[in-house]
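Below: data-v3.cif (mmCIF, C-alpha atoms)
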```
data_start
loop_
_atom_site.group_PDB
_atom_site.id
_atom_site.type_symbol
_atom_site.label_atom_id
_atom_site.label_comp_id
_atom_site.auth_asym_id
_atom_site.auth_seq_id
_atom_site.Cartn_x
_atom_site.Cartn_y
_atom_site.Cartn_z
ATOM 1 C CA MET A 1 138.115 78.472 161.871
ATOM 2 C CA ARG A 2 137.679 81.560 164.013
ATOM 3 C CA ALA A 3 136.891 82.373 167.672
ATOM 4 C CA PHE A 4 135.682 85.706 169.065
ATOM 5 C CA ILE A 5 136.988 86.303 172.593
ATOM 6 C CA PHE A 6 136.166 88.917 175.241
ATOM 7 C CA PRO A 7 138.321 90.301 178.088
ATOM 8 C CA GLY A 8 137.755 90.201 181.832
ATOM 9 C CA GLN A 9 138.405 92.478 184.786
ATOM 10 C CA GLY A 10 141.571 94.544 184.738
ATOM 11 C CA SER A 11 141.030 95.799 181.186
ATOM 12 C CA GLN A 12 139.114 98.901 182.345
ATOM 13 C CA SER A 13 140.528 102.397 181.784
ATOM 14 C CA VAL A 14 139.196 105.940 181.844
ATOM 15 C CA GLY A 15 138.182 106.924 178.314
ATOM 16 C CA MET A 16 137.048 103.407 177.369
ATOM 17 C CA GLY A 17 134.260 103.528 174.802
ATOM 18 C CA LYS A 18 134.474 107.305 174.346
ATOM 19 C CA ALA A 19 135.871 107.351 170.797
ATOM 20 C CA LEU A 20 133.567 104.484 169.845
ATOM 21 C CA ALA A 21 130.490 106.374 171.084
ATOM 22 C CA GLU A 22 131.578 109.515 169.228
ATOM 23 C CA SER A 23 131.987 107.563 165.979
ATOM 24 C CA ALA A 24 129.132 105.068 165.981
ATOM 25 C CA ALA A 25 125.427 105.425 166.789
ATOM 26 C CA ILE A 26 125.172 101.682 167.515
ATOM 27 C CA ALA A 27 127.746 102.042 170.295
ATOM 28 C CA ARG A 28 125.955 105.079 171.778
ATOM 29 C CA GLU A 29 122.681 103.160 171.754
ATOM 30 C CA LEU A 30 124.244 100.176 173.520
ATOM 31 C CA PHE A 31 125.804 102.384 176.222
ATOM 32 C CA GLN A 32 122.428 104.082 176.707
ATOM 33 C CA GLU A 33 120.715 100.693 177.019
ATOM 34 C CA VAL A 34 123.212 99.669 179.713
ATOM 35 C CA ASP A 35 122.734 102.987 181.550
ATOM 36 C CA GLU A 36 118.948 102.533 181.531
ATOM 37 C CA ALA A 37 119.194 98.928 182.720
ATOM 38 C CA LEU A 38 121.424 99.916 185.640
ATOM 39 C CA GLY A 39 119.856 103.269 186.447
ATOM 40 C CA GLN A 40 123.246 104.976 186.436
ATOM 41 C CA ASN A 41 125.394 106.964 184.025
ATOM 42 C CA LEU A 42 127.992 104.266 183.509
ATOM 43 C CA ALA A 43 128.926 105.620 180.067
ATOM 44 C CA ARG A 44 130.029 108.924 181.609
ATOM 45 C CA LEU A 45 132.021 107.098 184.296
ATOM 46 C CA MET A 46 133.732 105.068 181.564
ATOM 47 C CA ALA A 47 134.531 108.180 179.556
ATOM 48 C CA GLU A 48 135.519 110.556 182.358
ATOM 49 C CA GLY A 49 136.321 108.495 185.460
ATOM 50 C CA PRO A 50 137.427 108.802 188.194
ATOM 51 C CA ILE A 51 139.409 105.593 187.835
ATOM 52 C CA GLU A 52 138.845 104.655 191.511
ATOM 53 C CA GLU A 53 135.088 104.545 190.930
ATOM 54 C CA LEU A 54 135.385 102.804 187.563
ATOM 55 C CA THR A 55 137.623 100.124 189.103
ATOM 56 C CA LEU A 56 135.016 99.202 191.726
ATOM 57 C CA THR A 57 134.015 95.665 190.830
ATOM 58 C CA GLU A 58 130.323 96.501 190.490
ATOM 59 C CA ASN A 59 131.179 99.191 187.902
ATOM 60 C CA ALA A 60 134.146 97.566 186.172
ATOM 61 C CA GLN A 61 132.280 94.376 185.284
ATOM 62 C CA PRO A 62 129.359 95.940 183.354
ATOM 63 C CA ALA A 63 131.686 98.624 181.907
ATOM 64 C CA ILE A 64 134.106 96.087 180.403
ATOM 65 C CA MET A 65 131.178 94.119 179.006
ATOM 66 C CA ALA A 66 129.573 97.251 177.509
ATOM 67 C CA ASN A 67 132.813 98.374 175.865
ATOM 68 C CA ALA A 68 133.600 94.951 174.374
ATOM 69 C CA LEU A 69 130.038 94.319 173.212
ATOM 70 C CA ALA A 70 129.829 97.816 171.696
ATOM 71 C CA THR A 71 133.065 97.142 169.819
ATOM 72 C CA PHE A 72 131.637 93.909 168.459
ATOM 73 C CA ARG A 73 128.262 95.446 167.560
ATOM 74 C CA THR A 74 129.909 98.431 165.865
ATOM 75 C CA SER A 75 131.870 96.085 163.614
ATOM 76 C CA GLY A 76 128.584 94.820 162.170
ATOM 77 C CA ILE A 77 130.182 91.390 161.822
ATOM 78 C CA ASP A 78 127.686 88.538 162.002
ATOM 79 C CA ILE A 79 128.242 86.200 164.953
ATOM 80 C CA ALA A 80 128.042 83.362 162.410
ATOM 81 C CA LYS A 81 131.519 84.430 161.260
ATOM 82 C CA ALA A 82 132.759 82.835 164.498
ATOM 83 C CA ASP A 83 132.849 79.104 165.084
ATOM 84 C CA PHE A 84 133.144 79.617 168.845
ATOM 85 C CA VAL A 85 133.043 82.433 171.395
ATOM 86 C CA ALA A 86 134.682 82.628 174.813
ATOM 87 C CA GLY A 87 135.418 85.188 177.497
ATOM 88 C CA HIS A 88 137.683 85.435 180.517
ATOM 89 C CA SER A 89 135.673 85.424 183.759
ATOM 90 C CA LEU A 90 133.102 88.244 183.359
ATOM 91 C CA GLY A 91 133.977 88.130 179.647
ATOM 92 C CA GLU A 92 132.021 84.889 179.460
ATOM 93 C CA TYR A 93 128.863 86.966 179.956
ATOM 94 C CA THR A 94 129.952 89.262 177.096
ATOM 95 C CA ALA A 95 130.550 86.222 174.892
ATOM 96 C CA LEU A 96 127.079 84.891 175.728
ATOM 97 C CA ALA A 97 125.520 88.288 174.942
ATOM 98 C CA ALA A 98 127.406 88.481 171.633
ATOM 99 C CA ALA A 99 126.070 85.033 170.748
ATOM 100 C CA GLY A 100 122.490 86.018 171.634
ATOM 101 C CA ALA A 101 122.062 84.034 174.855
ATOM 102 C CA PHE A 102 121.440 87.193 176.931
ATOM 103 C CA ASP A 103 120.027 90.557 175.914
ATOM 104 C CA VAL A 104 122.086 93.641 176.779
ATOM 105 C CA ALA A 105 119.955 94.782 179.736
ATOM 106 C CA THR A 106 120.025 91.333 181.357
ATOM 107 C CA THR A 107 123.788 91.050 180.888
ATOM 108 C CA ALA A 108 124.371 94.467 182.472
ATOM 109 C CA ARG A 109 122.145 93.740 185.470
ATOM 110 C CA LEU A 110 123.675 90.310 186.047
ATOM 111 C CA LEU A 111 127.210 91.723 185.986
ATOM 112 C CA LYS A 112 126.309 94.605 188.299
ATOM 113 C CA LEU A 113 124.882 92.101 190.775
ATOM 114 C CA ARG A 114 127.836 89.753 190.268
ATOM 115 C CA GLY A 115 130.240 92.575 191.120
ATOM 116 C CA GLN A 116 128.267 93.594 194.194
ATOM 117 C CA ALA A 117 127.902 89.999 195.404
ATOM 118 C CA MET A 118 131.601 89.216 194.926
ATOM 119 C CA GLN A 119 132.591 92.359 196.808
ATOM 120 C CA ALA A 120 130.180 91.610 199.658
ATOM 121 C CA ALA A 121 131.219 87.954 199.998
ATOM 122 C CA VAL A 122 134.442 88.713 201.874
ATOM 123 C CA PRO A 123 135.201 91.776 204.042
ATOM 124 C CA VAL A 124 137.754 94.114 202.446
ATOM 125 C CA GLY A 125 141.256 93.200 203.584
ATOM 126 C CA GLU A 126 140.514 89.550 204.366
ATOM 127 C CA GLY A 127 141.088 88.204 200.861
ATOM 128 C CA ALA A 128 143.747 88.676 198.194
ATOM 129 C CA MET A 129 144.931 87.465 194.807
ATOM 130 C CA ALA A 130 148.444 87.126 193.395
ATOM 131 C CA ALA A 131 149.878 86.444 189.965
ATOM 132 C CA LEU A 132 152.605 83.841 189.703
ATOM 133 C CA LEU A 133 154.734 84.717 186.679
ATOM 134 C CA GLY A 134 156.960 82.185 184.998
ATOM 135 C CA ALA A 135 154.867 79.484 186.647
ATOM 136 C CA ASN A 136 152.625 76.833 185.165
ATOM 137 C CA LEU A 137 149.549 75.214 186.705
ATOM 138 C CA GLU A 138 151.525 72.446 188.388
ATOM 139 C CA ILE A 139 153.857 74.909 190.136
ATOM 140 C CA ALA A 140 150.966 77.184 191.122
ATOM 141 C CA GLN A 141 149.010 74.289 192.602
ATOM 142 C CA ALA A 142 152.031 73.232 194.662
ATOM 143 C CA VAL A 143 152.485 76.818 195.897
ATOM 144 C CA ALA A 144 148.801 77.142 196.837
ATOM 145 C CA ASP A 145 148.785 73.802 198.662
ATOM 146 C CA ALA A 146 151.916 74.689 200.637
ATOM 147 C CA ALA A 147 150.663 78.169 201.539
ATOM 148 C CA ALA A 148 147.149 77.224 202.665
ATOM 149 C CA GLU A 149 147.961 75.990 206.198
ATOM 150 C CA GLY A 150 144.269 75.448 206.937
ATOM 151 C CA GLU A 151 143.142 78.614 205.156
ATOM 152 C CA VAL A 152 141.890 78.999 201.579
ATOM 153 C CA CYS A 153 144.565 79.334 198.914
ATOM 154 C CA THR A 154 143.613 78.062 195.494
ATOM 155 C CA VAL A 155 144.338 78.478 191.796
ATOM 156 C CA ALA A 156 141.869 81.049 190.428
ATOM 157 C CA ASN A 157 142.996 81.633 186.830
ATOM 158 C CA ASP A 158 145.097 79.298 184.705
ATOM 159 C CA ASN A 159 145.800 82.026 182.153
ATOM 160 C CA ASP A 160 148.635 80.646 180.031
ATOM 161 C CA PRO A 161 151.736 78.442 180.412
ATOM 162 C CA THR A 162 153.650 81.277 182.123
ATOM 163 C CA GLN A 163 150.957 83.016 184.220
ATOM 164 C CA VAL A 164 148.702 81.577 186.883
ATOM 165 C CA VAL A 165 146.692 83.532 189.471
ATOM 166 C CA ILE A 166 146.007 82.292 193.004
ATOM 167 C CA SER A 167 143.283 83.491 195.356
ATOM 168 C CA GLY A 168 142.178 83.098 198.966
ATOM 169 C CA HIS A 169 142.709 84.404 202.483
ATOM 170 C CA ARG A 170 145.155 87.317 202.503
ATOM 171 C CA ALA A 171 147.577 85.695 204.966
ATOM 172 C CA ALA A 172 147.718 82.507 202.867
ATOM 173 C CA VAL A 173 148.262 84.427 199.622
ATOM 174 C CA GLU A 174 151.032 86.446 201.286
ATOM 175 C CA ARG A 175 152.666 83.176 202.390
ATOM 176 C CA ALA A 176 152.429 82.012 198.800
ATOM 177 C CA LEU A 177 154.482 85.016 197.654
ATOM 178 C CA GLU A 178 157.377 83.734 199.759
ATOM 179 C CA ILE A 179 156.936 80.097 198.736
ATOM 180 C CA ALA A 180 156.529 80.736 194.995
ATOM 181 C CA LYS A 181 160.166 81.433 194.194
ATOM 182 C CA ALA A 182 161.358 78.322 195.973
ATOM 183 C CA LYS A 183 158.864 76.294 193.930
ATOM 184 C CA GLY A 184 160.161 77.661 190.620
ATOM 185 C CA ALA A 185 158.120 80.795 189.857
ATOM 186 C CA LYS A 186 160.089 83.750 188.468
ATOM 187 C CA ARG A 187 157.986 86.360 190.241
ATOM 188 C CA ALA A 188 154.933 86.562 192.471
ATOM 189 C CA VAL A 189 152.977 89.806 192.776
ATOM 190 C CA LEU A 190 149.870 90.790 194.710
ATOM 191 C CA LEU A 191 147.096 91.993 192.410
ATOM 192 C CA PRO A 192 145.251 95.281 193.052
ATOM 193 C CA VAL A 193 141.864 93.647 193.600
ATOM 194 C CA SER A 194 139.501 93.976 196.522
ATOM 195 C CA ALA A 195 138.250 90.392 196.794
ATOM 196 C CA PRO A 196 139.506 86.807 196.338
ATOM 197 C CA PHE A 197 137.677 85.999 193.096
ATOM 198 C CA HIS A 198 137.269 82.422 191.808
ATOM 199 C CA SER A 199 137.900 80.837 195.199
ATOM 200 C CA PRO A 200 135.653 78.966 197.662
ATOM 201 C CA LEU A 201 135.404 82.228 199.654
ATOM 202 C CA MET A 202 133.050 83.455 196.893
ATOM 203 C CA GLU A 203 130.363 80.918 197.885
ATOM 204 C CA PRO A 204 127.886 83.624 199.043
ATOM 205 C CA ALA A 205 128.242 85.304 195.635
ATOM 206 C CA ALA A 206 127.598 81.979 193.904
ATOM 207 C CA HIS A 207 124.301 81.659 195.814
ATOM 208 C CA ALA A 208 123.317 85.193 194.768
ATOM 209 C CA MET A 209 124.112 84.434 191.123
ATOM 210 C CA GLU A 210 122.220 81.133 191.262
ATOM 211 C CA GLN A 211 119.071 83.007 192.226
ATOM 212 C CA ALA A 212 119.620 85.827 189.696
ATOM 213 C CA LEU A 213 120.413 83.442 186.837
ATOM 214 C CA GLY A 214 117.419 81.302 187.780
ATOM 215 C CA ASP A 215 115.231 84.369 187.266
ATOM 216 C CA SER A 216 116.908 85.302 183.962
ATOM 217 C CA GLU A 217 115.988 84.139 180.491
ATOM 218 C CA ILE A 218 118.823 82.414 178.631
ATOM 219 C CA ALA A 219 118.413 81.630 174.945
ATOM 220 C CA ARG A 220 120.439 79.048 173.048
ATOM 221 C CA PRO A 221 123.568 80.888 171.822
ATOM 222 C CA ALA A 222 123.996 81.062 168.046
ATOM 223 C CA VAL A 223 127.467 79.503 168.312
ATOM 224 C CA PRO A 224 129.014 77.303 171.032
ATOM 225 C CA VAL A 225 130.529 79.101 174.032
ATOM 226 C CA TYR A 226 133.639 77.682 175.672
ATOM 227 C CA ALA A 227 132.849 77.680 179.412
ATOM 228 C CA ASN A 228 135.513 78.851 181.851
ATOM 229 C CA VAL A 229 135.029 76.026 184.335
ATOM 230 C CA THR A 230 135.016 73.116 181.865
ATOM 231 C CA ALA A 231 137.139 74.449 178.965
ATOM 232 C CA ALA A 232 134.518 72.828 176.732
ATOM 233 C CA PRO A 233 131.815 74.145 174.379
ATOM 234 C CA VAL A 234 128.248 74.550 175.621
ATOM 235 C CA GLN A 235 124.976 75.674 174.034
ATOM 236 C CA ASN A 236 122.283 74.215 176.309
ATOM 237 C CA PRO A 237 120.715 77.101 178.337
ATOM 238 C CA ALA A 238 120.272 75.050 181.527
ATOM 239 C CA GLU A 239 123.904 73.930 181.346
ATOM 240 C CA ILE A 240 125.060 77.526 180.737
ATOM 241 C CA ARG A 241 123.140 78.650 183.835
ATOM 242 C CA ARG A 242 124.743 75.941 185.987
ATOM 243 C CA LEU A 243 128.264 76.635 184.713
ATOM 244 C CA LEU A 244 127.956 80.396 185.319
ATOM 245 C CA VAL A 245 127.122 79.681 188.965
ATOM 246 C CA GLU A 246 130.104 77.324 189.254
ATOM 247 C CA GLN A 247 132.309 79.951 187.618
ATOM 248 C CA VAL A 248 132.006 82.281 190.641
ATOM 249 C CA THR A 249 134.017 79.927 192.860
ATOM 250 C CA GLY A 250 135.672 77.816 190.160
ATOM 251 C CA MET A 251 138.963 78.139 188.335
ATOM 252 C CA VAL A 252 139.046 80.042 185.030
ATOM 253 C CA ARG A 253 140.549 77.413 182.730
ATOM 254 C CA TRP A 254 141.615 79.884 180.042
ATOM 255 C CA ARG A 255 144.779 78.076 178.949
ATOM 256 C CA GLU A 256 142.844 74.853 178.438
ATOM 257 C CA SER A 257 139.981 76.683 176.689
ATOM 258 C CA VAL A 258 142.278 78.297 174.111
ATOM 259 C CA ALA A 259 144.195 75.044 173.620
ATOM 260 C CA ALA A 260 140.919 73.180 173.115
ATOM 261 C CA MET A 261 139.688 75.713 170.545
ATOM 262 C CA ALA A 262 143.000 75.471 168.694
ATOM 263 C CA GLU A 263 142.746 71.677 168.820
ATOM 264 C CA ALA A 264 139.219 71.958 167.388
ATOM 265 C CA GLY A 265 140.649 73.837 164.409
ATOM 266 C CA VAL A 266 140.575 77.540 165.376
ATOM 267 C CA THR A 267 143.409 79.376 163.627
ATOM 268 C CA HIS A 268 142.262 82.986 164.207
ATOM 269 C CA PHE A 269 141.321 84.505 167.590
ATOM 270 C CA VAL A 270 139.710 87.968 167.563
ATOM 271 C CA GLU A 271 139.648 89.861 170.891
ATOM 272 C CA PHE A 272 136.987 92.568 171.016
ATOM 273 C CA GLY A 273 137.373 95.516 173.392
ATOM 274 C CA GLY A 274 140.837 94.842 174.770
ATOM 275 C CA LYS A 275 144.328 93.533 174.249
ATOM 276 C CA VAL A 276 144.685 91.537 177.445
ATOM 277 C CA LEU A 277 143.871 88.085 176.118
ATOM 278 C CA ALA A 278 145.832 88.296 172.865
ATOM 279 C CA PRO A 279 149.298 87.834 174.468
ATOM 280 C CA MET A 280 147.959 84.886 176.484
ATOM 281 C CA VAL A 281 146.571 83.271 173.341
ATOM 282 C CA LYS A 282 149.931 83.626 171.565
ATOM 283 C CA ARG A 283 151.683 81.875 174.462
ATOM 284 C CA ILE A 284 149.130 79.036 174.371
ATOM 285 C CA ALA A 285 148.735 78.663 170.598
ATOM 286 C CA PRO A 286 151.854 80.246 169.037
ATOM 287 C CA ASP A 287 150.816 79.374 165.481
ATOM 288 C CA ALA A 288 147.392 81.019 165.741
ATOM 289 C CA LYS A 289 146.651 84.452 164.313
ATOM 290 C CA VAL A 290 145.480 86.876 167.015
ATOM 291 C CA THR A 291 143.759 90.214 166.377
ATOM 292 C CA SER A 292 142.927 92.836 169.034
ATOM 293 C CA VAL A 293 140.018 95.108 168.091
ATOM 294 C CA ILE A 294 139.737 98.336 170.088
ATOM 295 C CA THR A 295 139.608 101.386 167.783
ATOM 296 C CA MET A 296 137.507 102.288 164.747
ATOM 297 C CA ASP A 297 140.611 101.688 162.622
ATOM 298 C CA ASP A 298 140.885 98.185 164.117
ATOM 299 C CA ILE A 299 137.215 97.574 163.307
ATOM 300 C CA ASP A 300 137.630 98.785 159.720
ATOM 301 C CA ALA A 301 140.658 96.539 159.200
ATOM 302 C CA LEU A 302 138.832 93.504 160.621
ATOM 303 C CA VAL A 303 135.738 94.095 158.483
ATOM 304 C CA LYS A 304 137.883 94.198 155.343
ATOM 305 C CA GLU A 305 139.590 90.970 156.356
ATOM 306 C CA ILE A 306 136.470 89.034 157.323
#
```
Rewrite the coordinates I just gave you, this time as structure tokens.
Amino acid sequence: MRAFIFPGQGSQSVGMGKALAESAAIARELFQEVDEALGQNLARLMAEGPIEELTLTENAQPAIMANALATFRTSGIDIAKADFVAGHSLGEYTALAAAGAFDVATTARLLKLRGQAMQAAVPVGEGAMAALLGANLEIAQAVADAAAEGEVCTVANDNDPTQVVISGHRAAVERALEIAKAKGAKRAVLLPVSAPFHSPLMEPAAHAMEQALGDSEIARPAVPVYANVTAAPVQNPAEIRRLLVEQVTGMVRWRESVAAMAEAGVTHFVEFGGKVLAPMVKRIAPDAKVTSVITMDDIDALVKEI
């Protein structure tokens, strides 16, 4: 069995999609469709930067989706070749688009709005996120609980058995950096993000997404999508809508999602448009085969294999 997976924020880089667009008309057409949906030249920003502008959440989210979806579309591989799809945070939208639940324009607009709403939810400087390395979920939860002191400090991403991300008020997250080592983490590092994603502080963004998703058409995906907040497969459009709203403030249960897919029989994970998730997958399911697909050579090799 096989799962197609799609990366989240942090996988953006200047030059992303450029070689793909130069090599494949289908990629150029997808980038143009995204540009038209957003009314901006996102493809040029992806290709040329500057990185500061590309990294802005409202640009990074649709850019990462466009690059990953273009990589998948360029491969020409039928979605039916996957038994499941999944994505990390914003990557869940890419997974849904790949499976036919959203069209490209809708996906781009939703992610642009999601980025804007997340950024606007908390004034810059008031929130923060930190990665706890060499820490599992139990350690991270203990760190977050100890650091909160009446403020918000919560587990945002349970990425793999050795990496968990916490999120919340900046002062609480900074306290967590000091507490983490005493609780058993090897390292704790602040992440270069501008908002405390996947925490209760994102509630205003969740309301914005509830309205936007309520106005958006969602088709039944061709294959089940493993939802971030439940680590379980979903295909019902109403359920997908509800879970995407919950995802804004909820924990990304990536470790559990990959473990559940492996338990369901997945032996091959294919990451389109990045190589961020592949190392996590190997730490969760060491026996699984993991393929990262970024370049035309990667696409050619995958097509021959599948």
### Task
Please write the residues picked by the PyMOL selection byres ((chain A and resi 186-199) around 9) on this file as a PyMOL selection string.
chain A and resi 10+55-57+89+118-135+152-157+165-170+173-174+176-178+180-181+184-185+200-203+247-252
### Task
Apply the PyMOL selection byres ((chain A and resi 61-67) around 8) to the file shown and report the selected residues as JSON, numbers by chain.
{"A": [7, 8, 9, 11, 12, 16, 17, 30, 31, 34, 42, 43, 46, 54, 57, 58, 59, 60, 68, 69, 70, 71, 90, 91, 93, 94, 107, 108, 109, 111, 112, 115, 273]}
Filtering to C-alpha atoms, could you give me those residues as a short mmCIF file (atom, residue, chain, number, x, y, z; two decimals), in the coordinates of the input?
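Output saved as part-v6.cif:
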```cif
data_model
loop_
_atom_site.label_atom_id
_atom_site.label_comp_id
_atom_site.auth_asym_id
_atom_site.auth_seq_id
_atom_site.Cartn_x
_atom_site.Cartn_y
_atom_site.Cartn_z
CA PRO A 7 138.32 90.30 178.09
CA GLY A 8 137.76 90.20 181.83
CA GLN A 9 138.40 92.48 184.79
CA SER A 11 141.03 95.80 181.19
CA GLN A 12 139.11 98.90 182.34
CA MET A 16 137.05 103.41 177.37
CA GLY A 17 134.26 103.53 174.80
CA LEU A 30 124.24 100.18 173.52
CA PHE A 31 125.80 102.38 176.22
CA VAL A 34 123.21 99.67 179.71
CA LEU A 42 127.99 104.27 183.51
CA ALA A 43 128.93 105.62 180.07
CA MET A 46 133.73 105.07 181.56
CA LEU A 54 135.38 102.80 187.56
CA THR A 57 134.01 95.66 190.83
CA GLU A 58 130.32 96.50 190.49
CA ASN A 59 131.18 99.19 187.90
CA ALA A 60 134.15 97.57 186.17
CA ALA A 68 133.60 94.95 174.37
CA LEU A 69 130.04 94.32 173.21
CA ALA A 70 129.83 97.82 171.70
CA THR A 71 133.06 97.14 169.82
CA LEU A 90 133.10 88.24 183.36
CA GLY A 91 133.98 88.13 179.65
CA TYR A 93 128.86 86.97 179.96
CA THR A 94 129.95 89.26 177.10
CA THR A 107 123.79 91.05 180.89
CA ALA A 108 124.37 94.47 182.47
CA ARG A 109 122.14 93.74 185.47
CA LEU A 111 127.21 91.72 185.99
CA LYS A 112 126.31 94.60 188.30
CA GLY A 115 130.24 92.58 191.12
CA GLY A 273 137.37 95.52 173.39
#
```
### Query
Mind pulling up the distance from CA of Gly49 in chain A to CA of Val14 in chain A?
5.3 Å
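You will find CA of Gly15 in chain A at 16.9 Å from CA of Asp298 in chain A.
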### Explicit residue set for the PyMOL selection byres ((chain A and resi 240) around 10), as a list in words
Leu96, Ala101, Leu213, Ile218, Ala219, Arg220, Pro221, Val225, Tyr226, Ala227, Pro233, Val234, Gln235, Asn236, Pro237, Ala238, Glu239, Arg241, Arg242, Leu243, Leu244, Val245 and Glu246 of chain A
Kindly add N, CA and C atoms to the incomplete range 1-12 of chain A and provide the output as a PDB file, keeping the file's coordinate frame.
```
ATOM      1  N   MET A   1     139.148  78.232 160.851  1.00  0.00           N
ATOM      2  CA  MET A   1     138.115  78.472 161.871  1.00  0.00           C
ATOM      3  C   MET A   1     138.491  79.670 162.726  1.00  0.00           C
ATOM      4  N   ARG A   2     137.465  80.290 163.320  1.00  0.00           N
ATOM      5  CA  ARG A   2     137.679  81.560 164.013  1.00  0.00           C
ATOM      6  C   ARG A   2     136.942  81.561 165.355  1.00  0.00           C
ATOM      7  N   ALA A   3     137.543  82.188 166.373  1.00  0.00           N
ATOM      8  CA  ALA A   3     136.891  82.373 167.672  1.00  0.00           C
ATOM      9  C   ALA A   3     136.894  83.857 168.025  1.00  0.00           C
ATOM     10  N   PHE A   4     135.766  84.350 168.530  1.00  0.00           N
ATOM     11  CA  PHE A   4     135.682  85.706 169.065  1.00  0.00           C
ATOM     12  C   PHE A   4     135.812  85.603 170.580  1.00  0.00           C
ATOM     13  N   ILE A   5     136.727  86.394 171.154  1.00  0.00           N
ATOM     14  CA  ILE A   5     136.988  86.303 172.593  1.00  0.00           C
ATOM     15  C   ILE A   5     136.855  87.686 173.249  1.00  0.00           C
ATOM     16  N   PHE A   6     136.534  87.685 174.542  1.00  0.00           N
ATOM     17  CA  PHE A   6     136.166  88.917 175.241  1.00  0.00           C
ATOM     18  C   PHE A   6     136.871  89.003 176.597  1.00  0.00           C
ATOM     19  N   PRO A   7     137.474  90.170 176.897  1.00  0.00           N
ATOM     20  CA  PRO A   7     138.321  90.301 178.088  1.00  0.00           C
ATOM     21  C   PRO A   7     137.561  90.369 179.406  1.00  0.00           C
ATOM     22  N   GLY A   8     138.316  90.157 180.494  1.00  0.00           N
ATOM     23  CA  GLY A   8     137.755  90.201 181.832  1.00  0.00           C
ATOM     24  C   GLY A   8     138.246  91.406 182.615  1.00  0.00           C
ATOM     25  N   GLN A   9     138.092  91.334 183.924  1.00  0.00           N
ATOM     26  CA  GLN A   9     138.405  92.478 184.786  1.00  0.00           C
ATOM     27  C   GLN A   9     139.899  92.798 184.754  1.00  0.00           C
ATOM     28  N   GLY A  10     140.193  94.094 184.832  1.00  0.00           N
ATOM     29  CA  GLY A  10     141.571  94.544 184.738  1.00  0.00           C
ATOM     30  C   GLY A  10     141.812  95.278 183.437  1.00  0.00           C
ATOM     31  N   SER A  11     140.865  95.135 182.485  1.00  0.00           N
ATOM     32  CA  SER A  11     141.030  95.799 181.186  1.00  0.00           C
ATOM     33  C   SER A  11     140.334  97.164 181.154  1.00  0.00           C
ATOM     34  N   GLN A  12     139.801  97.611 182.314  1.00  0.00           N
ATOM     35  CA  GLN A  12     139.114  98.901 182.345  1.00  0.00           C
ATOM     36  C   GLN A  12     140.112 100.069 182.374  1.00  0.00           C
TER      37      GLN A  12
END
```
